[in-house]
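Here's the structure, in structure tokens; my notes come after.
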Amino acid sequence: MNAEPSSLLFDRARGGSPDAVGALFERYGDRLHALIRLRLGPQLRRRLESRDILQATMLKAFRGIDRFDGSGSRSLMAWLGTIAQAEICDQADFHGRQKRATARETSLDGKVEPVVQRVRTEASRLQLQADSEQLERAIDALSEPYREVILLRSFEELSFREIGERLDKTADASRMLFARAMAALTLKMRELA
């Protein structure tokens with residue numbers, strides 16, 4: 001991994017350096033992938049491939065790096081999280097339309113799609129570690145407000161003031177909600193262990 005400070009990478013990336021963009025995405029890709037999987041939730045994870053969304057998000061971010069106006073990892077994760085959320089919505093809408101349209105189509109080979117699904121599922125399973133799967137299940141089991149505050153704070157790295165603005169709460173209320181959410185997550189992790 002590139003040891004260059006993120007601030008220098010941001011400057012070089014905005015200047016058009018593909019190496020700097022690659023280093024930034026390498027540095028933040030795993031966290032973004034985890035955020036995407038958690039934003040998808042269990043139902044969409046069964047229908048959508050999180051790595052496809054990650055790649056589309058990275059491509060859009062690469063194309064729009066000059067529009068990124070932040071300078072730190074927190075603002076980069078928030079920006080990438082916003083792009084990822086839009087991509088998730090687009091993909092969910094597209095697959096919803098495709099599902100309705102496939103009811104009118106006749107498959108040429110009914111065996112191809114199940115094989116593709118099994119290969120994708122197996123490839124995804126191999127890429128995830130047991131600890132991340134347990135964390136994912138634990139976060140999925142939390143209430144929506146707890147899930148959201150954990151994603152905003154731990155994955156998008158927003159400040160409590162920024163979280164408060166998104167959730168229509170004060171910074172202190174956001175801080176307290178996060179503390180309760182982390183306590184609930186800790187209990188859920190023990191329960192699943």
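Residues are referred to by chain and number: the chain letter is A, B, ... according to the order shown in the structure tokens, the number counts from 1 in that chain, and ligands are numbered separately from 1 in the order shown.
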Any chance you could tabulate, as a tab-separated table, the residues of range 77-98 of chain A at most 12 Å from range 25-28 of chain A with each one's nearest atom pair and distance in Å to one decimal, using only C-alpha atoms, in chain and rising number order?
residue	atom	partner	partner_atom	distance
A:Met77	CA	A:Tyr28	CA	7.5
A:Ala78	CA	A:Tyr28	CA	11.3
A:Trp79	CA	A:Tyr28	CA	11.7
A:Leu80	CA	A:Tyr28	CA	9.3
A:Gly81	CA	A:Tyr28	CA	11.0
Keeping N, CA and C atoms for every residue in the selection just given, could you write it to a file as a compact mmCIF listing (two decimals), in the first residue's frame?
# COMPACT_ATOMS: atom_id res chain seq x y z
N MET A 77 -14.70 9.56 2.11
CA MET A 77 -15.63 8.46 2.38
C MET A 77 -17.07 8.92 2.26
N ALA A 78 -17.37 10.13 2.73
CA ALA A 78 -18.73 10.65 2.61
C ALA A 78 -19.09 10.83 1.14
N TRP A 79 -18.17 11.35 0.35
CA TRP A 79 -18.40 11.55 -1.09
C TRP A 79 -18.59 10.21 -1.79
N LEU A 80 -17.71 9.25 -1.51
CA LEU A 80 -17.84 7.93 -2.11
C LEU A 80 -19.13 7.25 -1.65
N GLY A 81 -19.49 7.44 -0.39
CA GLY A 81 -20.73 6.87 0.12
C GLY A 81 -21.95 7.41 -0.59
### Task
Name the residues in contact with Ile53 in chain A at a cut-off of 9 Å, using only C-alpha atoms, excluding same-chain residues fewer than 3 positions from it; report them as a ChimeraX atom specification.
/A:33,36,48-50,56-58,84,87-88,91
Written selection (C-alpha atoms) as a PDB file, in the first residue's frame:
ATOM      1  CA  HIS A  33     -17.125  -2.230  -0.154  1.00  0.00           C
ATOM      2  CA  ILE A  36     -21.997  -0.852   0.092  1.00  0.00           C
ATOM      3  CA  LEU A  48     -27.268  -7.354  -6.482  1.00  0.00           C
ATOM      4  CA  GLU A  49     -23.537  -7.993  -6.655  1.00  0.00           C
ATOM      5  CA  SER A  50     -21.770  -5.616  -4.250  1.00  0.00           C
ATOM      6  CA  ALA A  56     -19.307   1.386 -10.787  1.00  0.00           C
ATOM      7  CA  THR A  57     -18.870   3.712  -7.795  1.00  0.00           C
ATOM      8  CA  MET A  58     -15.108   3.814  -8.235  1.00  0.00           C
ATOM      9  CA  ALA A  84     -22.431   4.417  -3.849  1.00  0.00           C
ATOM     10  CA  GLU A  87     -25.537   3.564  -7.632  1.00  0.00           C
ATOM     11  CA  ILE A  88     -27.377   1.187  -5.288  1.00  0.00           C
ATOM     12  CA  GLN A  91     -29.115  -0.802  -9.697  1.00  0.00           C
TER      13      GLN A  91
END
### Task
Find the spatial neighbours of Ala34 in chain A, counting only C-alpha atoms, within a cut-off of 9 Å - ignore same-chain residues fewer than 5 positions away - and output them as a list in words.
Gly29, Arg39, Ser50, Ser132, Glu136 and Phe155 of chain A
### Task
Write out as a ChimeraX atom specification the residues lying within 12 Å of Asp11 in chain A, counting only C-alpha atoms and excluding same-chain residues fewer than 6 positions away.
/A:4-5,17-21,24,65-66,68-72
Could you dump the residues just selected with C-alpha atoms as a short mmCIF file (atom, residue, chain, number, x, y, z; two decimals), in the first residue's frame?
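Saved as out-v5.cif:
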data_model
loop_
_atom_site.label_atom_id
_atom_site.label_comp_id
_atom_site.auth_asym_id
_atom_site.auth_seq_id
_atom_site.Cartn_x
_atom_site.Cartn_y
_atom_site.Cartn_z
CA GLU A 4 2.07 8.73 0.92
CA PRO A 5 -0.20 10.92 3.10
CA SER A 17 -2.47 11.50 -11.65
CA PRO A 18 -4.03 8.08 -12.31
CA ASP A 19 -1.53 6.53 -9.87
CA ALA A 20 -2.73 8.81 -7.07
CA VAL A 21 -6.38 8.03 -7.84
CA LEU A 24 -6.68 6.48 -2.93
CA ILE A 65 -12.46 13.38 -8.99
CA ASP A 66 -12.11 17.01 -10.07
CA PHE A 68 -14.46 16.33 -5.16
CA ASP A 69 -13.98 19.40 -2.98
CA GLY A 70 -12.85 17.84 0.28
CA SER A 71 -9.35 17.23 1.50
CA GLY A 72 -9.48 14.43 4.04
#
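Between CA of Ala181 in chain A and CA of Gly164 in chain A there is a distance of 14.8 Å.
Residue nearest Arg147 in chain A within the list A:Arg180, A:Lys60, A:Arg46, A:Arg51: A:Arg180 [criterion: smallest interatomic distance, only C-alpha atoms].
Taking CA of Gly15 in chain A and CA of Gln85 in chain A as endpoints, the distance between them is 26.3 Å.
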